[in-house]
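**Q** Could you have a look at this structure, given as structure tokens, before my questions?
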2 protein chains.
Amino acid sequence: MSVLVVGSVALDSVETPFGKADNVLGGSATFFSASASLLTAVQLVGVVGSDYPMDQLAPLAMRGVDLAGLECTEGESFRWRGRYRHDLNSAETLETRLGVFSHFRPKIPEQFRRAPFVFLGNIDPRLQLDVLRQVERPKLVACDTMNFWIESRRADLLELLAHVDILTLNDGEARQLTEEVNLVKAARWIMKHGPKHVIIKKGEHGAFMFSPSTVFYAPAYPLEEVFDPTGAGDAFAGGFIGYLARSGDLSEPNLKRAVVYGSAMGSFAVERFSIQRFLEIGRQEIAARVREFHRLVTFEEDLLA
Amino acid sequence: MSVLVVGSVALDSVETPFGKADNVLGGSATFFSASASLLTAVQLVGVVGSDYPMDQLAPLAMRGVDLAGLECTEGESFRWRGRYRHDLNSAETLETRLGVFSHFRPKIPEQFRRAPFVFLGNIDPRLQLDVLRQVERPKLVACDTMNFWIESRRADLLELLAHVDILTLNDGEARQLTEEVNLVKAARWIMKHGPKHVIIKKGEHGAFMFSPSTVFYAPAYPLEEVFDPTGAGDAFAGGFIGYLARSGDLSEPNLKRAVVYGSAMGSFAVERFSIQRFLEIGRQEIAARVREFHRLVTFEEDLLA
């Protein structure tokens with residue numbers, strides 16, 4: 001089944017202790033699509049300016065990312081410039097130029113409106129709500145958000161949560177949204193406000209999926225070289241939703257597997273700048289990494305205990 | 001099989017956002033013993049002053065902690081006073097009074113010298129080395145250390161590592177010791193200096209066990225109430241070594257299970273002040289928590305992948 005993603009399509013300039021990259025493909029919808037399209041068909045809705053290097057999106061289009069919803073308007077594309085120091089867990093934003101993204105009003109093309117899986121990337125919750133008004137009862141709606149919206153659009157965000165099946169956010173954002181320091185309590189607070197499942201991402205410390213009566217956890221893969229953490233969270237979401245959409249199975253065991261696919265895709269994202277790694281790998285590499293996750297955490301229970 | 005532990009036996013005064021406790025049982029050997037003795041026989045070597053409330057150690061003695069190596073000398077016991085704020089991951093030390101611990105020279109009683117399992121709690125590496133000179137070829141030697149010794153006794157610590165099978169330390173200490181930011185590289189550095197296995201503890205973010213050709217990871221259990229993190233690392237070590245000693249099995253699958261037992265014991269430690277929780281639980285509670293760890297991380301691999 002296909003996934004509709006709505007989010008940013010940007011140009012990133014990133015500096016890490018290991019190198020720098022200028023004006024490379026970035027944005028939540030881009031990372032999500034690069035990741036999810038390795039598992040299923042993706043329909044992208046976003047906006048870019050006339051300066052966007054459209055030819056660089058060709059590899060994604062060839063792999064099944066339908067770009068019919070990518071509006072190209074007069075003006076400059078969304079640009080982000082950031083730096084990571086040795087603590088690769090937090091980016092320092094040096095510059096943000098929203099460009100045409102500041103006037104983004106998602107228009108879902110007619111042929112995308114029946115997408116069974118919908119991922120609302122991190123944009124204004126009013127726009128996320130507006131997307132939901134344009135689609136026809138999806139099988140699953142997941143959304144992401146960030147500190148900025150939690151602060152400035154709290155009421156809209158709470159309204160949105162009532163219409164969302166899965167919320168993904170990082171640990172700091174979960175604490176900020178719920179005013180609970182403890183993540184178990186934070187997750188419970190969120191589930192009371194709508195979502196059946198909450199995924200709390202902790203960067204290099206892995207991710208929790210909270211469900212009404214269970215908790216599941218997947219570590220981040222212990223890589224020897226973390227090159228650039230940009231986009232890991234959206235790549236995670238792409239792996240997670242992409243895997244669910246591919247199988248169409250929303251059972252608990254499949255949701256757990258989907259979290260592992262998300263973690264696997266997050267681990268690929270950080271191995272190169274931009275979406276580069278996703279253009280190098282295929283299902284073989286993904287399956288191998290998922291097997292490594294299995295080895296990483298699996299233990300046999302002790303029957304004597 | 002029995003475990004010999006050498007380390008501090010202290011009185012802690014702790015303040016957390018949830019309450020405070022004054023002059024309660026603390027110290028690495030105490031937490032280790034309280035945890036390990038739920039799984040196997042423990043022989044404790046340490047020192048206390050004449051002010052120590054020996055009667056409070058009775059529950060441990062009754063459970064199989066042999067206190068024949070606990071020297072009681074004229075003077076004040078080791079006292080630590082600390083505070084945790086909302087970030088329960090790091091303690092703020094308000095006061096340390098070493099008392100009789102500053103002259104501690106571990107003397108291993110004759111009847112302890114054939115202990116097959118030895119845990120060297122966090123003390124001066126010169127003393128840890130001295131303990132190894134007093135024991136007869138144990139089946140397994142594990143040790144812990146801290147930033148203070150890494151800084152002030154680096155040469156001794158490196159000499160010690162050559163005689164140790166397993167080093168446990170936290171992520172910050174691993175980075176400090178090895179000067180590697182990346183934990184995979186840090187672990188490899190440590191294994192080059194002696195230990196066959198390295199356990200890197202990340203507090204609320206779980207623990208990695210690195211072995212020559214594998215990595216294993218266990219999360220910290222997502223508790224709704226973390227009451228007091230003091231001693232969690234030593235309780236982890238107690239669960240880990242206690243489980244290995246109980247089974248006498250050093251195979252890779254059993255080492256993995258031991259890490260989970262360590263994590264389970266760490267999760268109990270933080271539920272109450274001091275060693276309180278270990279006096280309330282038995283094998284049933286431990287087995288139940290280990291099963292919860294199993295549910296927390298286990299996923300079925302996807303045969304289609």
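For the structure tokens, the naming scheme is as follows: chains receive sequential letters (A, B, ...) according to their order of presentation, residues are indexed from 1 within each chain, and ligands are indexed from 1 in presentation order.
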Mind listing as a PyMOL selection string which residues of chain B are within 9 Å of chain A, counting only C-alpha atoms?
**A** chain B and resi 86-87+181-185+202+205-206+214-219+222-226+253-254+256-257+260+283-284+286-288+290-291+294-302+305
**Q** Based on the selection just made, write C-alpha atoms of those residues as an mmCIF file, in the first residue's frame.
**A**
```cif
data_model
loop_
_atom_site.group_PDB
_atom_site.id
_atom_site.type_symbol
_atom_site.label_atom_id
_atom_site.label_comp_id
_atom_site.auth_asym_id
_atom_site.auth_seq_id
_atom_site.Cartn_x
_atom_site.Cartn_y
_atom_site.Cartn_z
ATOM 1 C CA HIS B 86 15.103 16.361 37.829
ATOM 2 C CA ASP B 87 17.790 14.887 35.628
ATOM 3 C CA VAL B 181 34.017 9.670 21.547
ATOM 4 C CA ASN B 182 32.507 6.691 19.740
ATOM 5 C CA LEU B 183 31.600 3.878 22.152
ATOM 6 C CA VAL B 184 32.281 1.082 19.675
ATOM 7 C CA LYS B 185 35.816 2.373 19.245
ATOM 8 C CA LYS B 202 24.513 4.408 30.105
ATOM 9 C CA HIS B 205 19.752 4.633 28.441
ATOM 10 C CA GLY B 206 20.701 1.006 29.106
ATOM 11 C CA THR B 214 29.542 -9.448 19.124
ATOM 12 C CA VAL B 215 27.664 -6.592 20.732
ATOM 13 C CA PHE B 216 24.706 -7.059 23.039
ATOM 14 C CA TYR B 217 22.435 -4.368 24.380
ATOM 15 C CA ALA B 218 19.875 -4.233 27.174
ATOM 16 C CA PRO B 219 17.743 -1.145 27.778
ATOM 17 C CA PRO B 222 11.122 2.087 31.558
ATOM 18 C CA LEU B 223 9.953 2.671 35.119
ATOM 19 C CA GLU B 224 7.189 5.087 35.912
ATOM 20 C CA GLU B 225 8.812 6.052 39.206
ATOM 21 C CA VAL B 226 12.578 6.374 39.452
ATOM 22 C CA PRO B 253 24.219 -16.794 25.482
ATOM 23 C CA ASN B 254 24.630 -16.889 29.249
ATOM 24 C CA LYS B 256 23.767 -12.000 27.447
ATOM 25 C CA ARG B 257 21.244 -13.286 29.958
ATOM 26 C CA VAL B 260 19.622 -8.682 31.413
ATOM 27 C CA ARG B 283 13.366 -14.787 42.791
ATOM 28 C CA GLN B 284 9.740 -14.496 41.654
ATOM 29 C CA ILE B 286 13.317 -11.015 39.504
ATOM 30 C CA ALA B 287 12.040 -13.657 37.087
ATOM 31 C CA ALA B 288 8.970 -11.517 36.339
ATOM 32 C CA VAL B 290 13.426 -10.509 33.325
ATOM 33 C CA ARG B 291 10.333 -11.669 31.419
ATOM 34 C CA HIS B 294 12.158 -10.070 27.126
ATOM 35 C CA ARG B 295 8.810 -8.626 26.033
ATOM 36 C CA LEU B 296 10.297 -5.132 25.850
ATOM 37 C CA VAL B 297 12.864 -5.963 23.153
ATOM 38 C CA THR B 298 11.789 -9.182 21.464
ATOM 39 C CA PHE B 299 10.508 -9.089 17.909
ATOM 40 C CA GLU B 300 10.029 -11.843 15.391
ATOM 41 C CA GLU B 301 12.177 -11.493 12.330
ATOM 42 C CA ASP B 302 10.337 -10.946 9.086
ATOM 43 C CA ALA B 305 12.732 -9.390 4.345
#
```
**Q** Please provide chain B as an mmCIF file with C-alpha atoms, in the first residue's frame, once it has been superposed on chain A by least squares across all sequentially paired Cα atoms.
**A**
```cif
data_model
loop_
_atom_site.group_PDB
_atom_site.id
_atom_site.type_symbol
_atom_site.label_atom_id
_atom_site.label_comp_id
_atom_site.auth_asym_id
_atom_site.auth_seq_id
_atom_site.Cartn_x
_atom_site.Cartn_y
_atom_site.Cartn_z
ATOM 1 C CA MET B 1 -0.030 0.014 -0.016
ATOM 2 C CA SER B 2 1.141 3.555 -0.628
ATOM 3 C CA VAL B 3 2.146 6.242 1.867
ATOM 4 C CA LEU B 4 1.338 9.900 1.542
ATOM 5 C CA VAL B 5 3.905 12.201 3.156
ATOM 6 C CA VAL B 6 3.497 15.936 3.632
ATOM 7 C CA GLY B 7 6.462 17.932 4.874
ATOM 8 C CA SER B 8 9.457 20.068 4.051
ATOM 9 C CA VAL B 9 11.722 19.663 1.043
ATOM 10 C CA ALA B 10 14.840 21.679 1.727
ATOM 11 C CA LEU B 11 18.466 22.361 0.956
ATOM 12 C CA ASP B 12 20.775 21.682 3.887
ATOM 13 C CA SER B 13 24.284 22.903 4.561
ATOM 14 C CA VAL B 14 25.802 20.799 7.291
ATOM 15 C CA GLU B 15 29.088 20.783 9.128
ATOM 16 C CA THR B 16 30.079 17.820 11.303
ATOM 17 C CA PRO B 17 33.423 16.863 12.897
ATOM 18 C CA PHE B 18 33.925 14.637 9.839
ATOM 19 C CA GLY B 19 33.298 16.998 6.964
ATOM 20 C CA LYS B 20 30.864 19.446 5.434
ATOM 21 C CA ALA B 21 28.248 19.492 2.703
ATOM 22 C CA ASP B 22 26.630 22.495 1.063
ATOM 23 C CA ASN B 23 23.121 22.766 -0.333
ATOM 24 C CA VAL B 24 22.379 19.055 -0.279
ATOM 25 C CA LEU B 25 18.889 17.541 -0.316
ATOM 26 C CA GLY B 26 17.185 17.842 3.043
ATOM 27 C CA GLY B 27 13.815 18.310 4.712
ATOM 28 C CA SER B 28 11.470 15.950 6.535
ATOM 29 C CA ALA B 29 9.519 14.808 3.457
ATOM 30 C CA THR B 30 12.763 14.149 1.571
ATOM 31 C CA PHE B 31 14.340 11.974 4.262
ATOM 32 C CA PHE B 32 11.036 10.216 4.886
ATOM 33 C CA SER B 33 10.591 9.452 1.180
ATOM 34 C CA ALA B 34 14.171 8.312 0.621
ATOM 35 C CA SER B 35 13.740 5.835 3.469
ATOM 36 C CA ALA B 36 10.123 4.679 2.931
ATOM 37 C CA SER B 37 10.523 4.235 -0.819
ATOM 38 C CA LEU B 38 12.909 1.350 -0.194
ATOM 39 C CA LEU B 39 9.889 -0.485 1.210
ATOM 40 C CA THR B 40 6.778 0.823 -0.538
ATOM 41 C CA ALA B 41 5.327 3.419 -2.941
ATOM 42 C CA VAL B 42 5.417 7.006 -1.666
ATOM 43 C CA GLN B 43 3.380 10.077 -2.618
ATOM 44 C CA LEU B 44 5.090 13.325 -1.673
ATOM 45 C CA VAL B 45 3.438 16.684 -1.062
ATOM 46 C CA GLY B 46 5.654 19.711 -0.465
ATOM 47 C CA VAL B 47 6.936 22.932 -1.943
ATOM 48 C CA VAL B 48 10.257 24.099 -3.388
ATOM 49 C CA GLY B 49 11.470 27.300 -5.008
ATOM 50 C CA SER B 50 12.620 27.777 -8.555
ATOM 51 C CA ASP B 51 16.225 27.292 -7.369
ATOM 52 C CA TYR B 52 15.700 23.666 -6.347
ATOM 53 C CA PRO B 53 17.930 21.089 -8.097
ATOM 54 C CA MET B 54 14.992 18.969 -9.313
ATOM 55 C CA ASP B 55 17.305 16.599 -11.196
ATOM 56 C CA GLN B 56 18.677 15.397 -7.863
ATOM 57 C CA LEU B 57 15.213 14.095 -6.979
ATOM 58 C CA ALA B 58 15.235 11.843 -10.044
ATOM 59 C CA PRO B 59 16.672 8.818 -8.196
ATOM 60 C CA LEU B 60 13.737 9.017 -5.764
ATOM 61 C CA ALA B 61 11.204 9.368 -8.583
ATOM 62 C CA MET B 62 12.721 6.341 -10.308
ATOM 63 C CA ARG B 63 12.314 4.346 -7.142
ATOM 64 C CA GLY B 64 8.614 5.052 -6.779
ATOM 65 C CA VAL B 65 8.310 8.431 -5.093
ATOM 66 C CA ASP B 66 5.456 10.168 -6.878
ATOM 67 C CA LEU B 67 6.361 13.867 -7.012
ATOM 68 C CA ALA B 68 3.031 15.040 -8.490
ATOM 69 C CA GLY B 69 2.337 16.871 -5.211
ATOM 70 C CA LEU B 70 5.659 18.741 -5.153
ATOM 71 C CA GLU B 71 4.740 22.333 -5.969
ATOM 72 C CA CYS B 72 7.471 24.433 -7.528
ATOM 73 C CA THR B 73 6.866 28.177 -7.079
ATOM 74 C CA GLU B 74 8.735 31.391 -7.769
ATOM 75 C CA GLY B 75 11.187 32.167 -4.996
ATOM 76 C CA GLU B 76 13.831 30.532 -2.842
ATOM 77 C CA SER B 77 13.660 27.015 -1.425
ATOM 78 C CA PHE B 78 13.727 26.333 2.310
ATOM 79 C CA ARG B 79 17.370 26.365 3.419
ATOM 80 C CA TRP B 80 18.830 25.185 6.702
ATOM 81 C CA ARG B 81 22.413 25.541 7.805
ATOM 82 C CA GLY B 82 23.626 23.735 10.893
ATOM 83 C CA ARG B 83 26.595 22.328 12.691
ATOM 84 C CA TYR B 84 27.206 19.312 14.914
ATOM 85 C CA ARG B 85 30.071 19.252 17.373
ATOM 86 C CA HIS B 86 31.340 16.122 19.053
ATOM 87 C CA ASP B 87 28.005 15.550 20.724
ATOM 88 C CA LEU B 88 26.246 14.366 17.602
ATOM 89 C CA ASN B 89 22.928 14.294 19.436
ATOM 90 C CA SER B 90 22.135 17.980 19.030
ATOM 91 C CA ALA B 91 22.421 20.288 16.043
ATOM 92 C CA GLU B 92 23.314 23.938 16.328
ATOM 93 C CA THR B 93 21.231 25.884 13.818
ATOM 94 C CA LEU B 94 23.314 28.576 12.143
ATOM 95 C CA GLU B 95 20.708 29.816 9.681
ATOM 96 C CA THR B 96 17.122 29.066 8.648
ATOM 97 C CA ARG B 97 15.626 30.680 5.545
ATOM 98 C CA LEU B 98 12.059 29.470 5.086
ATOM 99 C CA GLY B 99 11.662 30.943 1.589
ATOM 100 C CA VAL B 100 8.607 29.587 -0.247
ATOM 101 C CA PHE B 101 8.004 27.145 2.626
ATOM 102 C CA SER B 102 6.680 30.024 4.762
ATOM 103 C CA HIS B 103 3.610 30.220 2.488
ATOM 104 C CA PHE B 104 3.168 26.465 2.098
ATOM 105 C CA ARG B 105 -0.480 25.407 1.937
ATOM 106 C CA PRO B 106 -0.499 21.684 1.200
ATOM 107 C CA LYS B 107 -2.774 20.774 -1.725
ATOM 108 C CA ILE B 108 -3.293 17.040 -1.930
ATOM 109 C CA PRO B 109 -3.631 15.971 -5.577
ATOM 110 C CA GLU B 110 -6.848 14.118 -6.386
ATOM 111 C CA GLN B 111 -4.992 10.874 -7.043
ATOM 112 C CA PHE B 112 -3.303 10.989 -3.580
ATOM 113 C CA ARG B 113 -6.487 11.459 -1.549
ATOM 114 C CA ARG B 114 -7.147 7.777 -0.981
ATOM 115 C CA ALA B 115 -3.661 6.953 0.348
ATOM 116 C CA PRO B 116 -4.172 4.330 3.058
ATOM 117 C CA PHE B 117 -1.144 5.506 5.062
ATOM 118 C CA VAL B 118 -0.458 9.160 5.845
ATOM 119 C CA PHE B 119 2.588 10.702 7.486
ATOM 120 C CA LEU B 120 2.320 14.345 8.526
ATOM 121 C CA GLY B 121 5.887 15.605 8.718
ATOM 122 C CA ASN B 122 6.854 18.346 11.130
ATOM 123 C CA ILE B 123 4.924 21.417 9.890
ATOM 124 C CA ASP B 124 2.397 23.810 11.457
ATOM 125 C CA PRO B 125 -0.319 21.654 13.098
ATOM 126 C CA ARG B 126 -2.946 23.831 11.371
ATOM 127 C CA LEU B 127 -1.579 22.633 8.044
ATOM 128 C CA GLN B 128 -1.389 19.055 9.313
ATOM 129 C CA LEU B 129 -5.093 19.321 10.233
ATOM 130 C CA ASP B 130 -5.830 20.792 6.827
ATOM 131 C CA VAL B 131 -4.198 17.781 5.132
ATOM 132 C CA LEU B 132 -6.464 15.449 7.095
ATOM 133 C CA ARG B 133 -9.491 17.370 5.796
ATOM 134 C CA GLN B 134 -8.361 16.666 2.246
ATOM 135 C CA VAL B 135 -7.830 12.895 2.511
ATOM 136 C CA GLU B 136 -10.384 10.097 2.670
ATOM 137 C CA ARG B 137 -10.320 8.131 5.898
ATOM 138 C CA PRO B 138 -6.802 6.611 5.828
ATOM 139 C CA LYS B 139 -6.074 3.277 7.456
ATOM 140 C CA LEU B 140 -3.379 4.961 9.564
ATOM 141 C CA VAL B 141 -2.311 8.546 10.266
ATOM 142 C CA ALA B 142 1.035 9.264 11.920
ATOM 143 C CA CYS B 143 2.496 12.663 12.645
ATOM 144 C CA ASP B 144 5.636 14.303 13.912
ATOM 145 C CA THR B 145 6.048 17.674 15.594
ATOM 146 C CA MET B 146 8.685 19.843 17.266
ATOM 147 C CA ASN B 147 9.321 22.259 20.152
ATOM 148 C CA PHE B 148 8.370 25.319 18.067
ATOM 149 C CA TRP B 149 4.801 24.084 17.453
ATOM 150 C CA ILE B 150 4.419 22.760 21.001
ATOM 151 C CA GLU B 151 5.113 26.293 22.191
ATOM 152 C CA SER B 152 3.335 28.387 19.595
ATOM 153 C CA ARG B 153 0.438 26.164 18.433
ATOM 154 C CA ARG B 154 -0.436 24.098 21.464
ATOM 155 C CA ALA B 155 -4.233 24.232 21.015
ATOM 156 C CA ASP B 156 -4.005 23.257 17.336
ATOM 157 C CA LEU B 157 -1.578 20.480 18.151
ATOM 158 C CA LEU B 158 -3.953 19.062 20.755
ATOM 159 C CA GLU B 159 -6.828 19.243 18.263
ATOM 160 C CA LEU B 160 -4.646 17.381 15.756
ATOM 161 C CA LEU B 161 -3.742 14.634 18.251
ATOM 162 C CA ALA B 162 -7.394 13.623 18.466
ATOM 163 C CA HIS B 163 -7.223 12.669 14.766
ATOM 164 C CA VAL B 164 -3.887 10.883 14.780
ATOM 165 C CA ASP B 165 -3.152 7.174 15.358
ATOM 166 C CA ILE B 166 0.569 7.480 16.059
ATOM 167 C CA LEU B 167 2.607 10.430 17.277
ATOM 168 C CA THR B 168 6.377 10.383 16.847
ATOM 169 C CA LEU B 169 8.491 12.913 18.731
ATOM 170 C CA ASN B 170 11.761 13.064 20.597
ATOM 171 C CA ASP B 171 12.193 12.760 24.353
ATOM 172 C CA GLY B 172 12.688 16.481 24.936
ATOM 173 C CA GLU B 173 9.557 17.297 22.948
ATOM 174 C CA ALA B 174 7.547 14.633 24.796
ATOM 175 C CA ARG B 175 8.567 16.215 28.110
ATOM 176 C CA GLN B 176 7.781 19.711 26.841
ATOM 177 C CA LEU B 177 4.369 18.741 25.475
ATOM 178 C CA THR B 178 3.225 16.822 28.543
ATOM 179 C CA GLU B 179 5.137 18.578 31.326
ATOM 180 C CA GLU B 180 6.071 15.117 32.605
ATOM 181 C CA VAL B 181 9.766 14.350 33.161
ATOM 182 C CA ASN B 182 9.137 10.605 33.203
ATOM 183 C CA LEU B 183 8.693 9.201 29.684
ATOM 184 C CA VAL B 184 6.259 6.477 30.715
ATOM 185 C CA LYS B 185 3.979 9.120 32.185
ATOM 186 C CA ALA B 186 4.521 11.409 29.194
ATOM 187 C CA ALA B 187 3.486 8.619 26.829
ATOM 188 C CA ARG B 188 0.372 7.887 28.864
ATOM 189 C CA TRP B 189 -0.563 11.576 28.769
ATOM 190 C CA ILE B 190 -0.230 11.629 24.982
ATOM 191 C CA MET B 191 -2.280 8.445 24.515
ATOM 192 C CA LYS B 192 -5.044 10.047 26.577
ATOM 193 C CA HIS B 193 -5.172 12.853 24.003
ATOM 194 C CA GLY B 194 -5.798 10.644 20.991
ATOM 195 C CA PRO B 195 -2.939 8.577 19.570
ATOM 196 C CA LYS B 196 -3.143 4.809 20.135
ATOM 197 C CA HIS B 197 0.653 4.591 19.978
ATOM 198 C CA VAL B 198 3.440 7.010 20.817
ATOM 199 C CA ILE B 199 6.967 6.652 19.561
ATOM 200 C CA ILE B 200 9.519 8.529 21.630
ATOM 201 C CA LYS B 201 12.820 8.875 19.789
ATOM 202 C CA LYS B 202 15.961 9.296 21.878
ATOM 203 C CA GLY B 203 18.530 9.733 19.099
ATOM 204 C CA GLU B 204 21.629 7.635 19.787
ATOM 205 C CA HIS B 205 19.785 6.119 22.757
ATOM 206 C CA GLY B 206 17.118 4.362 20.683
ATOM 207 C CA ALA B 207 13.338 4.612 20.578
ATOM 208 C CA PHE B 208 10.362 3.498 22.644
ATOM 209 C CA MET B 209 6.960 2.602 21.248
ATOM 210 C CA PHE B 210 4.245 2.897 23.865
ATOM 211 C CA SER B 211 0.912 1.187 23.198
ATOM 212 C CA PRO B 212 -2.127 0.926 25.483
ATOM 213 C CA SER B 213 -0.846 -2.158 27.293
ATOM 214 C CA THR B 214 2.708 -2.725 26.088
ATOM 215 C CA VAL B 215 6.043 -1.000 25.677
ATOM 216 C CA PHE B 216 8.559 -1.903 23.004
ATOM 217 C CA TYR B 217 12.091 -0.628 22.697
ATOM 218 C CA ALA B 218 14.675 -0.669 19.921
ATOM 219 C CA PRO B 219 18.205 0.632 20.463
ATOM 220 C CA ALA B 220 20.019 2.823 17.985
ATOM 221 C CA TYR B 221 22.469 0.653 16.118
ATOM 222 C CA PRO B 222 25.971 1.021 17.616
ATOM 223 C CA LEU B 223 27.757 2.399 14.567
ATOM 224 C CA GLU B 224 31.469 2.965 14.549
ATOM 225 C CA GLU B 225 31.118 6.011 12.310
ATOM 226 C CA VAL B 226 28.214 8.397 12.783
ATOM 227 C CA PHE B 227 28.763 10.838 9.999
ATOM 228 C CA ASP B 228 25.789 13.224 9.987
ATOM 229 C CA PRO B 229 22.698 12.790 12.206
ATOM 230 C CA THR B 230 20.506 15.139 10.105
ATOM 231 C CA GLY B 231 17.284 13.461 9.029
ATOM 232 C CA ALA B 232 17.640 10.361 11.195
ATOM 233 C CA GLY B 233 14.244 10.936 12.833
ATOM 234 C CA ASP B 234 12.418 11.303 9.505
ATOM 235 C CA ALA B 235 14.273 8.310 8.090
ATOM 236 C CA PHE B 236 13.093 6.396 11.159
ATOM 237 C CA ALA B 237 9.500 7.442 10.438
ATOM 238 C CA GLY B 238 9.959 6.438 6.789
ATOM 239 C CA GLY B 239 11.160 2.966 7.754
ATOM 240 C CA PHE B 240 8.422 2.580 10.348
ATOM 241 C CA ILE B 241 5.464 3.711 8.228
ATOM 242 C CA GLY B 242 6.971 2.283 5.036
ATOM 243 C CA TYR B 243 7.172 -1.141 6.623
ATOM 244 C CA LEU B 244 3.592 -0.968 7.926
ATOM 245 C CA ALA B 245 2.305 0.196 4.541
ATOM 246 C CA ARG B 246 4.198 -2.509 2.691
ATOM 247 C CA SER B 247 2.604 -5.245 4.785
ATOM 248 C CA GLY B 248 -0.705 -3.503 5.531
ATOM 249 C CA ASP B 249 -0.576 -5.291 8.874
ATOM 250 C CA LEU B 250 -1.212 -3.223 12.010
ATOM 251 C CA SER B 251 -0.950 -6.085 14.503
ATOM 252 C CA GLU B 252 1.216 -5.580 17.594
ATOM 253 C CA PRO B 253 4.002 -7.971 16.417
ATOM 254 C CA ASN B 254 4.141 -6.124 13.112
ATOM 255 C CA LEU B 255 4.243 -2.716 14.796
ATOM 256 C CA LYS B 256 7.264 -3.937 16.766
ATOM 257 C CA ARG B 257 9.003 -5.093 13.609
ATOM 258 C CA ALA B 258 8.179 -1.722 12.055
ATOM 259 C CA VAL B 259 9.984 0.047 14.927
ATOM 260 C CA VAL B 260 13.057 -2.057 14.152
ATOM 261 C CA TYR B 261 12.821 -1.167 10.459
ATOM 262 C CA GLY B 262 12.582 2.458 11.544
ATOM 263 C CA SER B 263 15.701 2.097 13.669
ATOM 264 C CA ALA B 264 17.523 0.360 10.824
ATOM 265 C CA MET B 265 16.656 3.202 8.427
ATOM 266 C CA GLY B 266 17.703 5.780 11.022
ATOM 267 C CA SER B 267 21.058 4.011 11.302
ATOM 268 C CA PHE B 268 21.576 4.196 7.535
ATOM 269 C CA ALA B 269 20.652 7.895 7.436
ATOM 270 C CA VAL B 270 23.536 8.888 9.691
ATOM 271 C CA GLU B 271 26.206 7.032 7.727
ATOM 272 C CA ARG B 272 26.424 9.710 4.987
ATOM 273 C CA PHE B 273 25.418 13.298 4.350
ATOM 274 C CA SER B 274 21.877 13.982 3.114
ATOM 275 C CA ILE B 275 19.945 11.012 1.675
ATOM 276 C CA GLN B 276 23.102 9.579 0.089
ATOM 277 C CA ARG B 277 23.102 6.265 1.925
ATOM 278 C CA PHE B 278 19.548 5.468 0.792
ATOM 279 C CA LEU B 279 20.656 5.698 -2.812
ATOM 280 C CA GLU B 280 23.329 3.058 -2.181
ATOM 281 C CA ILE B 281 21.347 0.395 -0.343
ATOM 282 C CA GLY B 282 18.656 -2.092 -1.273
ATOM 283 C CA ARG B 283 16.505 -4.676 0.473
ATOM 284 C CA GLN B 284 19.500 -6.952 1.081
ATOM 285 C CA GLU B 285 21.334 -4.350 3.179
ATOM 286 C CA ILE B 286 18.137 -3.505 5.056
ATOM 287 C CA ALA B 287 17.413 -7.157 5.820
ATOM 288 C CA ALA B 288 21.012 -7.646 6.993
ATOM 289 C CA ARG B 289 20.800 -4.658 9.331
ATOM 290 C CA VAL B 290 17.453 -5.862 10.749
ATOM 291 C CA ARG B 291 19.109 -9.223 11.463
ATOM 292 C CA GLU B 292 21.902 -7.372 13.282
ATOM 293 C CA PHE B 293 19.303 -5.620 15.435
ATOM 294 C CA HIS B 294 17.867 -9.024 16.232
ATOM 295 C CA ARG B 295 21.267 -10.313 17.358
ATOM 296 C CA LEU B 296 21.916 -7.110 19.300
ATOM 297 C CA VAL B 297 18.961 -7.514 21.679
ATOM 298 C CA THR B 298 17.858 -11.139 21.572
ATOM 299 C CA PHE B 299 18.467 -13.367 24.564
ATOM 300 C CA GLU B 300 17.008 -16.710 25.483
ATOM 301 C CA GLU B 301 14.992 -16.669 28.652
ATOM 302 C CA ASP B 302 16.354 -18.739 31.492
ATOM 303 C CA LEU B 303 13.978 -21.605 32.216
ATOM 304 C CA LEU B 304 15.410 -22.007 35.701
ATOM 305 C CA ALA B 305 14.554 -18.463 36.718
#
```
**Q** Please return as number ranges by chain: the residues of stretch 219-259 of chain B that backbone DSSP assigns to alpha helix (DSSP H).
**A** B: 232-247, 252-259
**Q** Could you find all residues in stretch 65-106 of chain A that DSSP calls strand (DSSP E) from the backbone, and write them as a VMD selection string?
**A** chain A and resid 65 to 73 78 to 84 91 to 97
